[in-house]
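Engineer: The structure's right below; bear with me while I get my questions together.
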Amino acid sequence: MSEIRKRSSIWIYFIDLNNGKAECRICKVKISYRAGSTNNLHRHMRFVHPATLLEKVRKVCDPSQQGDPSSASAPTTSGTRSDPDPDDPTSTQPVDQQTSGTAKTGSSQTSILKFLPKGMTPLRQNMIDEELAKMIAKDFQPFSVVEDKGFKNYCLALNPSYVLPARKTLSQKIIPKLYDRQRELLQAELSKVSAVCITSDSWTSRATSSFMAVTCHYIEDYKMKSCLLDCFEVSERHTSENLAEELLKVAQEWKIKHKVVCCITDNAANIVKSIKLLKWTHLPCLAHTINLIVRDALKVIKSTVDKVKGIVEFFHKSTTATQKLKNTQRQMGLPELRPIQDCITRWNSTLHMLKRVLDSREAIISTLALLNAPIELLYPHEWDIVKEACTLLEPFEQVTVEISGEQYVTASKMIILCRGLQIATTHHQTSGAISTENITEMVQVLSASMEKRFHRMEFNNVLAEASVLDPRFKKLAFNDSTALDEAVQRLKTAAANCTRNEPSAPPGNQGEAVSQEVEKHTSAVWRFFDERATEDTTRRNPSADAILEIRSYLDEPRIQRAEDPLSWWKSKASVYPRLAQVMASRMCIVGTSVPSERIFSKTGQIISERRNRISANKVRHLVFLNANLKETE
């Protein structure tokens, strides 16, 4: 290229390839340019490397920073001219002309440039860019937020030296880079784990795109950990073979195929069959099972529930009625509660609707009477049905909430909680608290459905073993002694197959060196004892060790129900080394697939009405970052 073309200072950052293209010295990207025009090169620097240009301007304005290695932002090249260019937005007058006035004032006078804010280093610019990307992922902000005038003014007020990245740069470079780094960190963490439990669920967006989420749960340092492995678009039909292929692909990518001890999903036939095809242990979601049980029972009082729905819809459709209800509640000294609409797929939303109407009963009756509303009202005995139904279903709500957690152990509670629901429902019938035939029939439907779905739960291998290994429950989780004996026997076998950990033993070949050192200094008096001790250690039987461990464990007193079982195991890991390994593969199991459903609640906020054209790959990145970015104080 001729010298005329290289007069622009932009060539400091580019290498001319002599084929109509130039290579960026910073990111190595090749940019095309037309003869005599460097607009594409300037545009690349403005949008891709804005911090570099800021550093150049700062150096020109403040010569004292020329020698600061920490603020260097671009490489220099001998033979490349950097004369001022009128087309270059960063080009300025020569430094000696700008500072001549300052130099003449004498060395004792402080330059005004000392009081000007320093420019931003590339490292600082990149760090703020990353925090911006985290904010967008965690708070479900659109990429276009960097183009909003209010946000620009806000950033300018915080730091005038910071240049917001372009929307395209943010979505195509900064977010993917953050995603890749977070994924590597999570892979490194999972590589140290011996057993994981995964949950999976599917969802259809408002843009009619189907997504599948896979979450992972494990125990690390005796604490429950959860993460999102992937949330991706599924374009194929949801057959069991296709679903199995997608799950296997995720497990192989994360290298956990042989670590999966259980997979939690809903009761759909296709996903259940896909788990069987993979030969993984499947556990149905308890929250989904309870939803099916209660939905069957609510059919008994459908006419009453429909009337309540009609009342709620009336208030939601009429602003006048809503305001009148608030005024009535205020006059009666009641809290201003707005009626809640239920969701057809969530039974507990129906319970919340009934409870809210019951809490505002007097205000609702008065408001409807004043408005002469054209809706069907509840009779006195129907109000009794609503009240008794709320009391009857309250234990099911409590179990659903408790079993849906992912930060604490849940699988070991399932047998006890399910039996507790059956006992509470039966007690409700025998205690004389029921005054209506509908609720009596409802109790019968609930009992029959639980008997069918919770049948022989104590014989479920993973649930039984998790219950035994929970120091809060142990044998008390079982009514059937046969189920208990079988679970204990399986635990003995699993413990015997584990490699005994000796945390105090020196790693590698250091143990032999220590033995030789001890042997040198051992007196003849102790030699006989040391030989017998060594023979005793080599003759240890893994099966015998496992039996002794589990027998001793079961004989220990149970801890309080409110205590953390994992903390107990942490303190006893050296006492029961084999059982501690088995425990990590049983108590990591969660009781529901709610973690996957929570992912889709977040995904629904990303794929909103204003953002229904966002690509599936960007959704994948944002959802992953939202779920896995660590919270900072």
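Each chain in the structure tokens gets a letter, A, B and so on, in the order shown; residues start at 1 in every chain, and ligands are counted from 1 in the order they appear.
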Name all residues at most 6 Å from range 156-161 of chain A (count only C-alpha atoms; drop same-chain ones fewer than 3 positions away) and give them as a JSON list (two decimals) with C-alpha atoms, in the first residue's frame.
Structural biologist:
[["chain", "number", "residue", "atom", "x", "y", "z"],
["A", 119, "GLY", "CA", -9.05, 7.59, 30.84],
["A", 120, "MET", "CA", -10.23, 4.01, 31.29],
["A", 153, "ASN", "CA", -27.22, 9.16, 30.49]]
Engineer: Can you tell me, as a list in words, what residues are no more than 8 Å from range 306-317 of chain A when counting only C-alpha atoms, ignoring any on the same chain fewer than 4 positions away?
Structural biologist: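 In the requested format, the answer is Lys302, Ala321, Thr322, Pro339, Ile340, Gln341, Asp342, Leu354, Val357, Ile375, Glu376, Leu377 and Leu378 of chain A.
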Engineer: As a PyMOL selection string, please: every residue in range 115-251 of chain A that a backbone DSSP assignment puts in strand (DSSP E).
Structural biologist: chain A and resi 196-204+210-220+223-233
Engineer: Mind writing the picked residues with C-alpha atoms as an mmCIF file, in the first residue's frame?
Structural biologist:
data_model
loop_
_atom_site.group_PDB
_atom_site.id
_atom_site.type_symbol
_atom_site.label_atom_id
_atom_site.label_comp_id
_atom_site.auth_asym_id
_atom_site.auth_seq_id
_atom_site.Cartn_x
_atom_site.Cartn_y
_atom_site.Cartn_z
ATOM 1 C CA VAL A 196 -25.513 -36.524 40.260
ATOM 2 C CA CYS A 197 -29.275 -36.414 39.969
ATOM 3 C CA ILE A 198 -30.865 -34.692 36.973
ATOM 4 C CA THR A 199 -34.348 -33.321 36.325
ATOM 5 C CA SER A 200 -35.905 -32.528 32.969
ATOM 6 C CA ASP A 201 -39.009 -30.846 31.612
ATOM 7 C CA SER A 202 -40.298 -29.383 28.339
ATOM 8 C CA TRP A 203 -42.008 -26.086 27.542
ATOM 9 C CA THR A 204 -43.486 -24.262 24.551
ATOM 10 C CA SER A 210 -40.331 -26.084 22.078
ATOM 11 C CA PHE A 211 -37.573 -26.006 24.703
ATOM 12 C CA MET A 212 -36.121 -28.676 26.964
ATOM 13 C CA ALA A 213 -34.323 -27.968 30.249
ATOM 14 C CA VAL A 214 -31.967 -30.272 32.154
ATOM 15 C CA THR A 215 -30.866 -29.422 35.698
ATOM 16 C CA CYS A 216 -28.240 -31.183 37.786
ATOM 17 C CA HIS A 217 -28.124 -31.738 41.562
ATOM 18 C CA TYR A 218 -25.200 -33.036 43.584
ATOM 19 C CA ILE A 219 -23.458 -32.861 46.942
ATOM 20 C CA GLU A 220 -20.205 -30.937 47.210
ATOM 21 C CA LYS A 223 -23.820 -29.202 50.791
ATOM 22 C CA MET A 224 -26.593 -29.535 48.232
ATOM 23 C CA LYS A 225 -25.723 -27.837 44.949
ATOM 24 C CA SER A 226 -27.879 -27.263 41.881
ATOM 25 C CA CYS A 227 -27.121 -25.981 38.400
ATOM 26 C CA LEU A 228 -28.630 -25.761 34.942
ATOM 27 C CA LEU A 229 -26.865 -27.930 32.394
ATOM 28 C CA ASP A 230 -28.754 -26.767 29.333
ATOM 29 C CA CYS A 231 -31.959 -25.184 28.067
ATOM 30 C CA PHE A 232 -32.213 -25.745 24.335
ATOM 31 C CA GLU A 233 -34.714 -25.812 21.502
#
Engineer: Identify which of the residues A:Met587, A:Leu393, A:Ile599, A:Ala195 lies closest to Tyr408 in chain A, counting only C-alpha atoms when measuring atom-to-atom distances.
Structural biologist: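 For Tyr408 in chain A, the nearest of the given residues is A:Met587.
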Engineer: Mind listing the alpha helix (DSSP H) residues of range 394-622 of chain A, per DSSP on the backbone, as an MDAnalysis selection string?
Structural biologist: chainID A and resid 394:403 414:430 437:453 461:468 481:497 510:521 524:538 542:555 565:572 577:586 594:606 616:622
Engineer: With a distance cut-off of 7 Å and only C-alpha atoms, select the neighbouring residues of Val294 in chain A, excluding the residue or stretch itself and same-chain residues fewer than 3 positions from it, and output the selection as a ChimeraX atom specification.
Structural biologist: /A:290-291,297-298,347,446
Engineer: Write to file, as a PDB file, in the first residue's frame, the residues of the selection just made, with all heavy atoms.
Structural biologist:
ATOM      1  N   ILE A 290     -48.946 -35.275  43.225  1.00  0.00           N
ATOM      2  CA  ILE A 290     -49.916 -34.637  44.115  1.00  0.00           C
ATOM      3  C   ILE A 290     -50.906 -33.803  43.306  1.00  0.00           C
ATOM      4  O   ILE A 290     -52.107 -33.757  43.619  1.00  0.00           O
ATOM      5  CB  ILE A 290     -49.192 -33.763  45.156  1.00  0.00           C
ATOM      6  CG1 ILE A 290     -48.419 -34.660  46.136  1.00  0.00           C
ATOM      7  CG2 ILE A 290     -50.162 -32.876  45.907  1.00  0.00           C
ATOM      8  CD1 ILE A 290     -47.602 -33.900  47.160  1.00  0.00           C
ATOM      9  N   ASN A 291     -50.418 -33.160  42.253  1.00  0.00           N
ATOM     10  CA  ASN A 291     -51.307 -32.380  41.387  1.00  0.00           C
ATOM     11  C   ASN A 291     -52.393 -33.262  40.779  1.00  0.00           C
ATOM     12  O   ASN A 291     -53.573 -32.878  40.727  1.00  0.00           O
ATOM     13  CB  ASN A 291     -50.490 -31.708  40.290  1.00  0.00           C
ATOM     14  CG  ASN A 291     -51.331 -30.802  39.405  1.00  0.00           C
ATOM     15  OD1 ASN A 291     -51.840 -29.772  39.832  1.00  0.00           O
ATOM     16  ND2 ASN A 291     -51.499 -31.200  38.156  1.00  0.00           N
ATOM     17  N   ALA A 297     -59.733 -35.026  43.021  1.00  0.00           N
ATOM     18  CA  ALA A 297     -60.629 -34.746  44.145  1.00  0.00           C
ATOM     19  C   ALA A 297     -61.431 -33.464  43.929  1.00  0.00           C
ATOM     20  O   ALA A 297     -62.581 -33.366  44.365  1.00  0.00           O
ATOM     21  CB  ALA A 297     -59.811 -34.649  45.431  1.00  0.00           C
ATOM     22  N   LEU A 298     -60.858 -32.468  43.277  1.00  0.00           N
ATOM     23  CA  LEU A 298     -61.563 -31.200  43.056  1.00  0.00           C
ATOM     24  C   LEU A 298     -62.748 -31.340  42.098  1.00  0.00           C
ATOM     25  O   LEU A 298     -63.631 -30.481  42.076  1.00  0.00           O
ATOM     26  CB  LEU A 298     -60.591 -30.151  42.507  1.00  0.00           C
ATOM     27  CG  LEU A 298     -59.584 -29.559  43.507  1.00  0.00           C
ATOM     28  CD1 LEU A 298     -58.583 -28.664  42.800  1.00  0.00           C
ATOM     29  CD2 LEU A 298     -60.318 -28.779  44.593  1.00  0.00           C
ATOM     30  N   TRP A 347     -52.819 -27.018  40.770  1.00  0.00           N
ATOM     31  CA  TRP A 347     -53.932 -27.215  41.681  1.00  0.00           C
ATOM     32  C   TRP A 347     -53.863 -26.246  42.858  1.00  0.00           C
ATOM     33  O   TRP A 347     -54.905 -25.803  43.371  1.00  0.00           O
ATOM     34  CB  TRP A 347     -53.944 -28.655  42.210  1.00  0.00           C
ATOM     35  CG  TRP A 347     -52.919 -28.906  43.286  1.00  0.00           C
ATOM     36  CD1 TRP A 347     -51.665 -29.382  43.133  1.00  0.00           C
ATOM     37  CD2 TRP A 347     -53.067 -28.644  44.683  1.00  0.00           C
ATOM     38  NE1 TRP A 347     -51.019 -29.457  44.340  1.00  0.00           N
ATOM     39  CE2 TRP A 347     -51.863 -29.013  45.321  1.00  0.00           C
ATOM     40  CE3 TRP A 347     -54.106 -28.151  45.476  1.00  0.00           C
ATOM     41  CZ2 TRP A 347     -51.660 -28.895  46.680  1.00  0.00           C
ATOM     42  CZ3 TRP A 347     -53.913 -28.026  46.845  1.00  0.00           C
ATOM     43  CH2 TRP A 347     -52.707 -28.402  47.433  1.00  0.00           C
ATOM     44  N   LEU A 446     -59.563 -38.724  47.566  1.00  0.00           N
ATOM     45  CA  LEU A 446     -58.161 -38.478  47.900  1.00  0.00           C
ATOM     46  C   LEU A 446     -57.498 -39.730  48.467  1.00  0.00           C
ATOM     47  O   LEU A 446     -56.377 -40.087  48.078  1.00  0.00           O
ATOM     48  CB  LEU A 446     -58.051 -37.330  48.918  1.00  0.00           C
ATOM     49  CG  LEU A 446     -58.273 -35.904  48.421  1.00  0.00           C
ATOM     50  CD1 LEU A 446     -58.329 -34.934  49.593  1.00  0.00           C
ATOM     51  CD2 LEU A 446     -57.167 -35.495  47.454  1.00  0.00           C
TER      52      LEU A 446
END
Engineer: List the neighbours of range 251-261 of chain A out to 9 Å using only C-alpha atoms; skip same-chain residues closer than 6 positions along the sequence, and give me the result as a PDB file with N, CA and C atoms, in the first residue's frame.
Structural biologist:
ATOM      1  N   GLN A 187     -18.095 -27.140  34.511  1.00  0.00           N
ATOM      2  CA  GLN A 187     -17.586 -28.459  34.119  1.00  0.00           C
ATOM      3  C   GLN A 187     -16.471 -28.913  35.052  1.00  0.00           C
ATOM      4  N   LEU A 190     -18.150 -30.120  38.262  1.00  0.00           N
ATOM      5  CA  LEU A 190     -18.833 -31.411  38.126  1.00  0.00           C
ATOM      6  C   LEU A 190     -17.853 -32.565  37.942  1.00  0.00           C
ATOM      7  N   SER A 191     -16.673 -32.276  37.443  1.00  0.00           N
ATOM      8  CA  SER A 191     -15.696 -33.347  37.245  1.00  0.00           C
ATOM      9  C   SER A 191     -15.225 -33.942  38.570  1.00  0.00           C
ATOM     10  N   VAL A 193     -17.267 -34.452  41.143  1.00  0.00           N
ATOM     11  CA  VAL A 193     -18.418 -35.053  41.815  1.00  0.00           C
ATOM     12  C   VAL A 193     -18.560 -36.503  41.389  1.00  0.00           C
ATOM     13  N   SER A 194     -18.924 -37.371  42.322  1.00  0.00           N
ATOM     14  CA  SER A 194     -19.025 -38.805  42.022  1.00  0.00           C
ATOM     15  C   SER A 194     -20.421 -39.220  41.579  1.00  0.00           C
ATOM     16  N   ALA A 195     -21.462 -38.472  41.964  1.00  0.00           N
ATOM     17  CA  ALA A 195     -22.836 -38.854  41.629  1.00  0.00           C
ATOM     18  C   ALA A 195     -23.691 -37.599  41.460  1.00  0.00           C
ATOM     19  N   VAL A 196     -24.609 -37.651  40.500  1.00  0.00           N
ATOM     20  CA  VAL A 196     -25.513 -36.524  40.260  1.00  0.00           C
ATOM     21  C   VAL A 196     -26.926 -37.038  40.039  1.00  0.00           C
ATOM     22  N   CYS A 197     -27.871 -36.168  40.294  1.00  0.00           N
ATOM     23  CA  CYS A 197     -29.275 -36.414  39.969  1.00  0.00           C
ATOM     24  C   CYS A 197     -29.695 -35.331  38.988  1.00  0.00           C
ATOM     25  N   ILE A 198     -30.437 -35.694  37.945  1.00  0.00           N
ATOM     26  CA  ILE A 198     -30.865 -34.692  36.973  1.00  0.00           C
ATOM     27  C   ILE A 198     -32.386 -34.647  36.913  1.00  0.00           C
ATOM     28  N   LEU A 229     -27.797 -27.416  33.390  1.00  0.00           N
ATOM     29  CA  LEU A 229     -26.865 -27.930  32.394  1.00  0.00           C
ATOM     30  C   LEU A 229     -27.151 -27.346  31.020  1.00  0.00           C
ATOM     31  N   TRP A 280     -31.440 -45.514  32.981  1.00  0.00           N
ATOM     32  CA  TRP A 280     -31.269 -44.727  34.198  1.00  0.00           C
ATOM     33  C   TRP A 280     -32.414 -45.021  35.150  1.00  0.00           C
ATOM     34  N   THR A 281     -32.186 -44.786  36.414  1.00  0.00           N
ATOM     35  CA  THR A 281     -33.250 -44.947  37.407  1.00  0.00           C
ATOM     36  C   THR A 281     -34.192 -43.748  37.315  1.00  0.00           C
ATOM     37  N   HIS A 282     -35.476 -44.027  37.185  1.00  0.00           N
ATOM     38  CA  HIS A 282     -36.462 -42.938  37.051  1.00  0.00           C
ATOM     39  C   HIS A 282     -37.271 -42.805  38.327  1.00  0.00           C
ATOM     40  N   VAL A 462     -34.338 -46.201  45.686  1.00  0.00           N
ATOM     41  CA  VAL A 462     -33.627 -44.952  45.969  1.00  0.00           C
ATOM     42  C   VAL A 462     -34.251 -44.214  47.151  1.00  0.00           C
ATOM     43  N   SER A 585     -24.462 -40.419  46.917  1.00  0.00           N
ATOM     44  CA  SER A 585     -25.173 -40.853  45.712  1.00  0.00           C
ATOM     45  C   SER A 585     -26.657 -41.113  45.950  1.00  0.00           C
ATOM     46  N   ARG A 586     -27.115 -40.985  47.185  1.00  0.00           N
ATOM     47  CA  ARG A 586     -28.544 -41.196  47.489  1.00  0.00           C
ATOM     48  C   ARG A 586     -29.227 -39.895  47.902  1.00  0.00           C
ATOM     49  N   CYS A 588     -28.385 -36.887  47.167  1.00  0.00           N
ATOM     50  CA  CYS A 588     -28.351 -35.828  46.161  1.00  0.00           C
ATOM     51  C   CYS A 588     -29.629 -35.813  45.330  1.00  0.00           C
ATOM     52  N   ILE A 589     -30.459 -36.832  45.492  1.00  0.00           N
ATOM     53  CA  ILE A 589     -31.688 -36.954  44.701  1.00  0.00           C
ATOM     54  C   ILE A 589     -32.730 -35.965  45.223  1.00  0.00           C
TER      55      ILE A 589
END
Engineer: Which residues come within 9 Å of Val623 in chain A, counting only C-alpha atoms, excluding same-chain residues fewer than 3 positions away, as a list in words?
Structural biologist: Ala137, Lys138, Leu228, Asp230, Cys231, Ile599, Phe600, Lys602, Thr603, Ile606, Lys618, Val619, Arg620, Asn626, Ala627 and Asn628 of chain A
Engineer: Can you tell me which residues surround range 39-44 of chain A at a distance of at most 9 Å, considering only C-alpha atoms, apart from same-chain residues fewer than 3 positions away, and format the answer as a PyMOL selection string?
Structural biologist: chain A and resi 10-11+13-14+22+24+31-34+47-50+87-89
Engineer: Can you write just those residues out, N, CA and C atoms, as a PDB file, in the first residue's frame?
Structural biologist:
ATOM      1  N   ILE A  10      -5.062   5.524  12.034  1.00  0.00           N
ATOM      2  CA  ILE A  10      -5.792   4.278  12.272  1.00  0.00           C
ATOM      3  C   ILE A  10      -4.931   3.070  11.951  1.00  0.00           C
ATOM      4  N   TRP A  11      -3.895   3.271  11.110  1.00  0.00           N
ATOM      5  CA  TRP A  11      -3.023   2.152  10.720  1.00  0.00           C
ATOM      6  C   TRP A  11      -2.121   1.695  11.859  1.00  0.00           C
ATOM      7  N   TYR A  13      -3.325   0.453  14.372  1.00  0.00           N
ATOM      8  CA  TYR A  13      -4.032  -0.725  14.880  1.00  0.00           C
ATOM      9  C   TYR A  13      -4.245  -1.805  13.821  1.00  0.00           C
ATOM     10  N   PHE A  14      -3.800  -1.592  12.584  1.00  0.00           N
ATOM     11  CA  PHE A  14      -4.059  -2.546  11.509  1.00  0.00           C
ATOM     12  C   PHE A  14      -2.791  -2.839  10.717  1.00  0.00           C
ATOM     13  N   ALA A  22      -7.381  -5.441   5.672  1.00  0.00           N
ATOM     14  CA  ALA A  22      -6.436  -5.119   6.732  1.00  0.00           C
ATOM     15  C   ALA A  22      -6.748  -5.978   7.945  1.00  0.00           C
ATOM     16  N   CYS A  24      -6.715  -6.548  12.006  1.00  0.00           N
ATOM     17  CA  CYS A  24      -6.651  -5.839  13.279  1.00  0.00           C
ATOM     18  C   CYS A  24      -5.542  -6.442  14.145  1.00  0.00           C
ATOM     19  N   ILE A  31     -10.537  -6.927   8.022  1.00  0.00           N
ATOM     20  CA  ILE A  31     -11.532  -5.938   7.638  1.00  0.00           C
ATOM     21  C   ILE A  31     -11.229  -5.481   6.213  1.00  0.00           C
ATOM     22  N   SER A  32     -12.253  -5.444   5.373  1.00  0.00           N
ATOM     23  CA  SER A  32     -12.062  -4.959   4.006  1.00  0.00           C
ATOM     24  C   SER A  32     -12.190  -3.444   3.976  1.00  0.00           C
ATOM     25  N   TYR A  33     -11.455  -2.794   3.031  1.00  0.00           N
ATOM     26  CA  TYR A  33     -11.534  -1.344   2.878  1.00  0.00           C
ATOM     27  C   TYR A  33     -11.388  -0.999   1.400  1.00  0.00           C
ATOM     28  N   ARG A  34     -12.027   0.095   1.005  1.00  0.00           N
ATOM     29  CA  ARG A  34     -11.902   0.562  -0.372  1.00  0.00           C
ATOM     30  C   ARG A  34     -10.710   1.504  -0.488  1.00  0.00           C
ATOM     31  N   PHE A  47     -16.596   0.464  17.566  1.00  0.00           N
ATOM     32  CA  PHE A  47     -17.600  -0.450  18.126  1.00  0.00           C
ATOM     33  C   PHE A  47     -17.002  -1.682  18.804  1.00  0.00           C
ATOM     34  N   VAL A  48     -15.850  -2.134  18.355  1.00  0.00           N
ATOM     35  CA  VAL A  48     -15.269  -3.360  18.908  1.00  0.00           C
ATOM     36  C   VAL A  48     -14.208  -3.061  19.965  1.00  0.00           C
ATOM     37  N   HIS A  49     -13.429  -1.997  19.757  1.00  0.00           N
ATOM     38  CA  HIS A  49     -12.356  -1.653  20.696  1.00  0.00           C
ATOM     39  C   HIS A  49     -12.467  -0.199  21.134  1.00  0.00           C
ATOM     40  N   PRO A  50     -13.603   0.201  21.703  1.00  0.00           N
ATOM     41  CA  PRO A  50     -13.746   1.611  22.101  1.00  0.00           C
ATOM     42  C   PRO A  50     -12.752   2.013  23.186  1.00  0.00           C
ATOM     43  N   ASP A  87     -10.074  12.805   9.208  1.00  0.00           N
ATOM     44  CA  ASP A  87     -11.201  11.871   9.255  1.00  0.00           C
ATOM     45  C   ASP A  87     -11.179  11.011  10.495  1.00  0.00           C
ATOM     46  N   ASP A  88     -10.094  11.040  11.238  1.00  0.00           N
ATOM     47  CA  ASP A  88      -9.939  10.188  12.418  1.00  0.00           C
ATOM     48  C   ASP A  88     -10.526  10.880  13.641  1.00  0.00           C
ATOM     49  N   PRO A  89     -11.560  10.317  14.277  1.00  0.00           N
ATOM     50  CA  PRO A  89     -12.173  10.967  15.433  1.00  0.00           C
ATOM     51  C   PRO A  89     -11.250  11.053  16.620  1.00  0.00           C
TER      52      PRO A  89
END
Engineer: For a test of reading the model, state the distance in Å between CA of Asn270 in chain A and CA of Leu351 in chain A, rounded to one decimal.
Structural biologist: 29.8 Å
Engineer: Kindly indicate which residue among A:Gln444, A:Thr391, A:Gln323, A:Gln489 lies nearest to Thr367 in chain A, using only C-alpha atoms for the distances.
Structural biologist: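 Residue with the minimum atom-to-atom distance to Thr367 in chain A: A:Gln323.
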